Amino acid sequence: MNITLDADKCCAAGQCVLIAPEVFDQRDEDGIVVLLDAAPPADQHDAVREAAAICPAAVIKVDE
Ligand code: SF4
């Protein structure tokens, strides 16, 4: 799995961080998403897929 972000579109809603806190974080100053692990281990994959699916701005792209 490889994750990329289009952070310019991020609306700082934070759902990704709630679902996969080991993979996503938010910048302190404005809440924009930060990618902690672009190639997370298998036990994180379901959470990452869910985060990508529910992101309201379609910021998270996942290549399997
Ligand atoms: S869920 Fe999407 S819009 Fe919300 S903080 Fe994460 S990447 Fe940004």
# chains A, B, ... in the order shown; residues from 1 in each chain; ligands from 1
$ residues_around --residues "A:Cys10" --least-positions-apart "3" --cutoff "8 Å" --atoms "only C-alpha atoms" --output "number ranges by chain"
A: 6-7, 13, 32-33, 57, 59
$ write_last_selection --atoms "C-alpha atoms" --output "mmCIF file, in the first residue's frame"
data_model
loop_
_atom_site.group_PDB
_atom_site.id
_atom_site.type_symbol
_atom_site.label_atom_id
_atom_site.label_comp_id
_atom_site.auth_asym_id
_atom_site.auth_seq_id
_atom_site.Cartn_x
_atom_site.Cartn_y
_atom_site.Cartn_z
ATOM 1 C CA ASP A 6 -3.574 16.267 -2.033
ATOM 2 C CA ALA A 7 -3.297 18.384 1.098
ATOM 3 C CA ALA A 13 -12.175 17.956 9.280
ATOM 4 C CA ILE A 32 -4.340 20.323 7.658
ATOM 5 C CA VAL A 33 -3.565 16.631 7.325
ATOM 6 C CA ALA A 57 -12.585 16.364 0.266
ATOM 7 C CA VAL A 59 -7.674 14.141 -0.252
#
$ closest_atom_pairs --of "chain A" --to "ligand 1" --cutoff "8 Å" --atoms "only C-alpha atoms and all ligand atoms" --output "JSON lines"
{"residue": "A:Leu5", "atom": "CA", "partner": "ligand 1", "partner_atom_place_in_ligand_line": "7 (S)", "distance": 7.3}
{"residue": "A:Ala7", "atom": "CA", "partner": "ligand 1", "partner_atom_place_in_ligand_line": "7 (S)", "distance": 6.8}
{"residue": "A:Lys9", "atom": "CA", "partner": "ligand 1", "partner_atom_place_in_ligand_line": "3 (S)", "distance": 7.0}
{"residue": "A:Cys10", "atom": "CA", "partner": "ligand 1", "partner_atom_place_in_ligand_line": "8 (Fe)", "distance": 3.8}
{"residue": "A:Cys11", "atom": "CA", "partner": "ligand 1", "partner_atom_place_in_ligand_line": "3 (S)", "distance": 4.4}
{"residue": "A:Ala12", "atom": "CA", "partner": "ligand 1", "partner_atom_place_in_ligand_line": "5 (S)", "distance": 3.9}
{"residue": "A:Ala13", "atom": "CA", "partner": "ligand 1", "partner_atom_place_in_ligand_line": "4 (Fe)", "distance": 3.7}
{"residue": "A:Gly14", "atom": "CA", "partner": "ligand 1", "partner_atom_place_in_ligand_line": "5 (S)", "distance": 3.7}
{"residue": "A:Gln15", "atom": "CA", "partner": "ligand 1", "partner_atom_place_in_ligand_line": "1 (S)", "distance": 4.3}
{"residue": "A:Cys16", "atom": "CA", "partner": "ligand 1", "partner_atom_place_in_ligand_line": "6 (Fe)", "distance": 4.2}
{"residue": "A:Val17", "atom": "CA", "partner": "ligand 1", "partner_atom_place_in_ligand_line": "6 (Fe)", "distance": 6.3}
{"residue": "A:Phe24", "atom": "CA", "partner": "ligand 1", "partner_atom_place_in_ligand_line": "6 (Fe)", "distance": 7.4}
{"residue": "A:Gln26", "atom": "CA", "partner": "ligand 1", "partner_atom_place_in_ligand_line": "5 (S)", "distance": 6.7}
{"residue": "A:Gly31", "atom": "CA", "partner": "ligand 1", "partner_atom_place_in_ligand_line": "5 (S)", "distance": 6.8}
{"residue": "A:Ile32", "atom": "CA", "partner": "ligand 1", "partner_atom_place_in_ligand_line": "5 (S)", "distance": 5.8}
{"residue": "A:Val33", "atom": "CA", "partner": "ligand 1", "partner_atom_place_in_ligand_line": "5 (S)", "distance": 4.9}
{"residue": "A:Ala51", "atom": "CA", "partner": "ligand 1", "partner_atom_place_in_ligand_line": "1 (S)", "distance": 6.5}
{"residue": "A:Ala52", "atom": "CA", "partner": "ligand 1", "partner_atom_place_in_ligand_line": "2 (Fe)", "distance": 7.3}
{"residue": "A:Ile54", "atom": "CA", "partner": "ligand 1", "partner_atom_place_in_ligand_line": "1 (S)", "distance": 6.7}
{"residue": "A:Cys55", "atom": "CA", "partner": "ligand 1", "partner_atom_place_in_ligand_line": "1 (S)", "distance": 3.9}
{"residue": "A:Pro56", "atom": "CA", "partner": "ligand 1", "partner_atom_place_in_ligand_line": "3 (S)", "distance": 5.5}
{"residue": "A:Ala57", "atom": "CA", "partner": "ligand 1", "partner_atom_place_in_ligand_line": "3 (S)", "distance": 5.0}
{"residue": "A:Ala58", "atom": "CA", "partner": "ligand 1", "partner_atom_place_in_ligand_line": "2 (Fe)", "distance": 6.3}
{"residue": "A:Val59", "atom": "CA", "partner": "ligand 1", "partner_atom_place_in_ligand_line": "7 (S)", "distance": 5.0}
{"residue": "A:Ile60", "atom": "CA", "partner": "ligand 1", "partner_atom_place_in_ligand_line": "7 (S)", "distance": 5.9}
$ residues_around --residues "A:Glu22" --least-positions-apart "6" --cutoff "10 Å" --atoms "only C-alpha atoms" --output "list in words"
Leu35, Leu36, Asp37, Pro40, Gln44, Ala47 and Val48 of chain A
$ select_by_dssp --residues "chain A" --states "alpha helix (DSSP H)" --output "list of chain:residue names"
A:Gln15, A:Cys16, A:Val17, A:Leu18, A:Ile19, A:His45, A:Asp46, A:Ala47, A:Val48, A:Arg49, A:Glu50, A:Ala51, A:Ala52, A:Ala53, A:Ile54
$ write_last_selection --atoms "N, CA, C and O atoms" --output "PDB file, in the first residue's frame"
ATOM      1  N   GLN A  15     -11.449  13.548  10.242  1.00  0.00           N
ATOM      2  CA  GLN A  15     -11.943  12.169  10.325  1.00  0.00           C
ATOM      3  C   GLN A  15     -10.838  11.144  10.097  1.00  0.00           C
ATOM      4  O   GLN A  15     -10.826  10.089  10.729  1.00  0.00           O
ATOM      5  N   CYS A  16      -9.920  11.446   9.201  1.00  0.00           N
ATOM      6  CA  CYS A  16      -8.833  10.506   8.928  1.00  0.00           C
ATOM      7  C   CYS A  16      -7.997  10.238  10.177  1.00  0.00           C
ATOM      8  O   CYS A  16      -7.575   9.106  10.420  1.00  0.00           O
ATOM      9  N   VAL A  17      -7.785  11.267  10.967  1.00  0.00           N
ATOM     10  CA  VAL A  17      -6.973  11.128  12.177  1.00  0.00           C
ATOM     11  C   VAL A  17      -7.708  10.282  13.217  1.00  0.00           C
ATOM     12  O   VAL A  17      -7.096   9.479  13.925  1.00  0.00           O
ATOM     13  N   LEU A  18      -9.014  10.428  13.292  1.00  0.00           N
ATOM     14  CA  LEU A  18      -9.792   9.630  14.232  1.00  0.00           C
ATOM     15  C   LEU A  18      -9.766   8.158  13.842  1.00  0.00           C
ATOM     16  O   LEU A  18      -9.698   7.280  14.708  1.00  0.00           O
ATOM     17  N   ILE A  19      -9.812   7.875  12.557  1.00  0.00           N
ATOM     18  CA  ILE A  19      -9.896   6.487  12.085  1.00  0.00           C
ATOM     19  C   ILE A  19      -8.526   5.813  12.064  1.00  0.00           C
ATOM     20  O   ILE A  19      -8.409   4.638  12.425  1.00  0.00           O
ATOM     21  N   HIS A  45      -4.236  -1.212   7.037  1.00  0.00           N
ATOM     22  CA  HIS A  45      -4.793  -1.013   5.700  1.00  0.00           C
ATOM     23  C   HIS A  45      -6.304  -0.780   5.702  1.00  0.00           C
ATOM     24  O   HIS A  45      -6.800   0.097   4.995  1.00  0.00           O
ATOM     25  N   ASP A  46      -7.032  -1.547   6.498  1.00  0.00           N
ATOM     26  CA  ASP A  46      -8.490  -1.357   6.529  1.00  0.00           C
ATOM     27  C   ASP A  46      -8.837   0.051   7.014  1.00  0.00           C
ATOM     28  O   ASP A  46      -9.741   0.705   6.464  1.00  0.00           O
ATOM     29  N   ALA A  47      -8.120   0.513   8.041  1.00  0.00           N
ATOM     30  CA  ALA A  47      -8.393   1.852   8.572  1.00  0.00           C
ATOM     31  C   ALA A  47      -8.060   2.919   7.534  1.00  0.00           C
ATOM     32  O   ALA A  47      -8.792   3.902   7.385  1.00  0.00           O
ATOM     33  N   VAL A  48      -6.975   2.727   6.807  1.00  0.00           N
ATOM     34  CA  VAL A  48      -6.591   3.707   5.779  1.00  0.00           C
ATOM     35  C   VAL A  48      -7.631   3.740   4.660  1.00  0.00           C
ATOM     36  O   VAL A  48      -8.029   4.817   4.197  1.00  0.00           O
ATOM     37  N   ARG A  49      -8.086   2.571   4.233  1.00  0.00           N
ATOM     38  CA  ARG A  49      -9.122   2.541   3.188  1.00  0.00           C
ATOM     39  C   ARG A  49     -10.387   3.251   3.657  1.00  0.00           C
ATOM     40  O   ARG A  49     -11.020   3.985   2.894  1.00  0.00           O
ATOM     41  N   GLU A  50     -10.769   3.025   4.911  1.00  0.00           N
ATOM     42  CA  GLU A  50     -11.961   3.684   5.442  1.00  0.00           C
ATOM     43  C   GLU A  50     -11.751   5.197   5.503  1.00  0.00           C
ATOM     44  O   GLU A  50     -12.648   5.971   5.137  1.00  0.00           O
ATOM     45  N   ALA A  51     -10.577   5.617   5.939  1.00  0.00           N
ATOM     46  CA  ALA A  51     -10.292   7.052   6.004  1.00  0.00           C
ATOM     47  C   ALA A  51     -10.378   7.685   4.622  1.00  0.00           C
ATOM     48  O   ALA A  51     -10.941   8.772   4.461  1.00  0.00           O
ATOM     49  N   ALA A  52      -9.826   7.013   3.620  1.00  0.00           N
ATOM     50  CA  ALA A  52      -9.886   7.543   2.254  1.00  0.00           C
ATOM     51  C   ALA A  52     -11.324   7.630   1.770  1.00  0.00           C
ATOM     52  O   ALA A  52     -11.711   8.589   1.098  1.00  0.00           O
ATOM     53  N   ALA A  53     -12.137   6.632   2.147  1.00  0.00           N
ATOM     54  CA  ALA A  53     -13.520   6.600   1.681  1.00  0.00           C
ATOM     55  C   ALA A  53     -14.368   7.702   2.312  1.00  0.00           C
ATOM     56  O   ALA A  53     -15.255   8.250   1.655  1.00  0.00           O
ATOM     57  N   ILE A  54     -14.096   8.026   3.567  1.00  0.00           N
ATOM     58  CA  ILE A  54     -14.971   9.000   4.245  1.00  0.00           C
ATOM     59  C   ILE A  54     -14.424  10.420   4.190  1.00  0.00           C
ATOM     60  O   ILE A  54     -15.124  11.349   4.557  1.00  0.00           O
TER      61      ILE A  54
END
$ closest_residue --among "A:Asp30, A:Asp43, A:Asp25, A:Asp63" --to "A:Asn2" --atoms "only C-alpha atoms"
A:Asp63
$ select_by_dssp --residues "chain A" --states "strand (DSSP E)" --output "ChimeraX atom specification"
/A:2-5,24-26,33-35,60-63
$ write_last_selection --atoms "N, CA, C and O atoms" --output "PDB file, in the first residue's frame"
ATOM      1  N   ASN A   2       0.524   2.208  -0.853  1.00  0.00           N
ATOM      2  CA  ASN A   2       1.220   3.494  -0.869  1.00  0.00           C
ATOM      3  C   ASN A   2       0.173   4.610  -0.839  1.00  0.00           C
ATOM      4  O   ASN A   2      -0.768   4.600  -1.628  1.00  0.00           O
ATOM      5  N   ILE A   3       0.365   5.557   0.062  1.00  0.00           N
ATOM      6  CA  ILE A   3      -0.612   6.629   0.272  1.00  0.00           C
ATOM      7  C   ILE A   3      -0.025   7.941  -0.214  1.00  0.00           C
ATOM      8  O   ILE A   3       1.140   8.247   0.071  1.00  0.00           O
ATOM      9  N   THR A   4      -0.836   8.714  -0.927  1.00  0.00           N
ATOM     10  CA  THR A   4      -0.457  10.085  -1.262  1.00  0.00           C
ATOM     11  C   THR A   4      -1.604  11.002  -0.863  1.00  0.00           C
ATOM     12  O   THR A   4      -2.763  10.576  -0.785  1.00  0.00           O
ATOM     13  N   LEU A   5      -1.272  12.253  -0.614  1.00  0.00           N
ATOM     14  CA  LEU A   5      -2.255  13.244  -0.188  1.00  0.00           C
ATOM     15  C   LEU A   5      -2.259  14.432  -1.133  1.00  0.00           C
ATOM     16  O   LEU A   5      -1.195  14.843  -1.601  1.00  0.00           O
ATOM     17  N   PHE A  24      -2.219   9.112  10.020  1.00  0.00           N
ATOM     18  CA  PHE A  24      -2.511  10.520   9.734  1.00  0.00           C
ATOM     19  C   PHE A  24      -2.438  11.350  11.017  1.00  0.00           C
ATOM     20  O   PHE A  24      -2.792  10.892  12.099  1.00  0.00           O
ATOM     21  N   ASP A  25      -2.001  12.592  10.845  1.00  0.00           N
ATOM     22  CA  ASP A  25      -2.038  13.573  11.933  1.00  0.00           C
ATOM     23  C   ASP A  25      -2.493  14.886  11.322  1.00  0.00           C
ATOM     24  O   ASP A  25      -2.707  14.975  10.101  1.00  0.00           O
ATOM     25  N   GLN A  26      -2.672  15.899  12.165  1.00  0.00           N
ATOM     26  CA  GLN A  26      -3.058  17.217  11.676  1.00  0.00           C
ATOM     27  C   GLN A  26      -2.048  18.245  12.168  1.00  0.00           C
ATOM     28  O   GLN A  26      -1.563  18.159  13.300  1.00  0.00           O
ATOM     29  N   VAL A  33      -4.062  17.992   7.133  1.00  0.00           N
ATOM     30  CA  VAL A  33      -3.565  16.631   7.325  1.00  0.00           C
ATOM     31  C   VAL A  33      -2.063  16.522   7.091  1.00  0.00           C
ATOM     32  O   VAL A  33      -1.491  17.202   6.233  1.00  0.00           O
ATOM     33  N   VAL A  34      -1.451  15.647   7.888  1.00  0.00           N
ATOM     34  CA  VAL A  34      -0.033  15.303   7.750  1.00  0.00           C
ATOM     35  C   VAL A  34       0.046  13.787   7.628  1.00  0.00           C
ATOM     36  O   VAL A  34      -0.606  13.055   8.390  1.00  0.00           O
ATOM     37  N   LEU A  35       0.825  13.318   6.681  1.00  0.00           N
ATOM     38  CA  LEU A  35       0.996  11.875   6.493  1.00  0.00           C
ATOM     39  C   LEU A  35       2.169  11.386   7.345  1.00  0.00           C
ATOM     40  O   LEU A  35       3.307  11.821   7.163  1.00  0.00           O
ATOM     41  N   ILE A  60      -7.242  11.787   0.191  1.00  0.00           N
ATOM     42  CA  ILE A  60      -6.382  10.620   0.413  1.00  0.00           C
ATOM     43  C   ILE A  60      -6.493   9.662  -0.764  1.00  0.00           C
ATOM     44  O   ILE A  60      -7.570   9.165  -1.087  1.00  0.00           O
ATOM     45  N   LYS A  61      -5.333   9.408  -1.423  1.00  0.00           N
ATOM     46  CA  LYS A  61      -5.285   8.471  -2.534  1.00  0.00           C
ATOM     47  C   LYS A  61      -4.487   7.246  -2.083  1.00  0.00           C
ATOM     48  O   LYS A  61      -3.378   7.375  -1.572  1.00  0.00           O
ATOM     49  N   VAL A  62      -5.071   6.062  -2.304  1.00  0.00           N
ATOM     50  CA  VAL A  62      -4.442   4.821  -1.878  1.00  0.00           C
ATOM     51  C   VAL A  62      -4.165   3.950  -3.093  1.00  0.00           C
ATOM     52  O   VAL A  62      -5.075   3.638  -3.867  1.00  0.00           O
ATOM     53  N   ASP A  63      -2.901   3.573  -3.254  1.00  0.00           N
ATOM     54  CA  ASP A  63      -2.518   2.599  -4.277  1.00  0.00           C
ATOM     55  C   ASP A  63      -2.192   1.295  -3.580  1.00  0.00           C
ATOM     56  O   ASP A  63      -1.334   1.253  -2.691  1.00  0.00           O
TER      57      ASP A  63
END
$ decode --residues "stretch 21-32 of chain A" --atoms "N, CA and C atoms" --output "compact mmCIF listing (two decimals), in the first residue's frame"
# COMPACT_ATOMS: atom_id res chain seq x y z
N PRO A 21 -5.06 6.97 13.42
CA PRO A 21 -4.14 7.94 14.05
C PRO A 21 -2.67 7.56 13.94
N GLU A 22 -2.38 6.32 13.56
CA GLU A 22 -0.97 5.95 13.37
C GLU A 22 -0.47 6.33 11.98
N VAL A 23 -1.40 6.70 11.11
CA VAL A 23 -1.02 7.01 9.73
C VAL A 23 -1.20 8.50 9.42
N PHE A 24 -2.22 9.11 10.02
CA PHE A 24 -2.51 10.52 9.73
C PHE A 24 -2.44 11.35 11.02
N ASP A 25 -2.00 12.59 10.84
CA ASP A 25 -2.04 13.57 11.93
C ASP A 25 -2.49 14.89 11.32
N GLN A 26 -2.67 15.90 12.17
CA GLN A 26 -3.06 17.22 11.68
C GLN A 26 -2.05 18.24 12.17
N ARG A 27 -1.76 19.24 11.31
CA ARG A 27 -0.85 20.31 11.72
C ARG A 27 -1.48 21.10 12.86
N ASP A 28 -0.66 21.46 13.83
CA ASP A 28 -1.17 22.19 14.99
C ASP A 28 -1.77 23.53 14.59
N GLU A 29 -1.15 24.20 13.61
CA GLU A 29 -1.54 25.57 13.34
C GLU A 29 -2.86 25.69 12.57
N ASP A 30 -3.15 24.75 11.69
CA ASP A 30 -4.36 24.91 10.87
C ASP A 30 -5.16 23.63 10.68
N GLY A 31 -4.70 22.52 11.23
CA GLY A 31 -5.48 21.28 11.15
C GLY A 31 -5.36 20.52 9.85
N ILE A 32 -4.52 21.02 8.94
CA ILE A 32 -4.34 20.32 7.66
C ILE A 32 -3.64 18.98 7.90
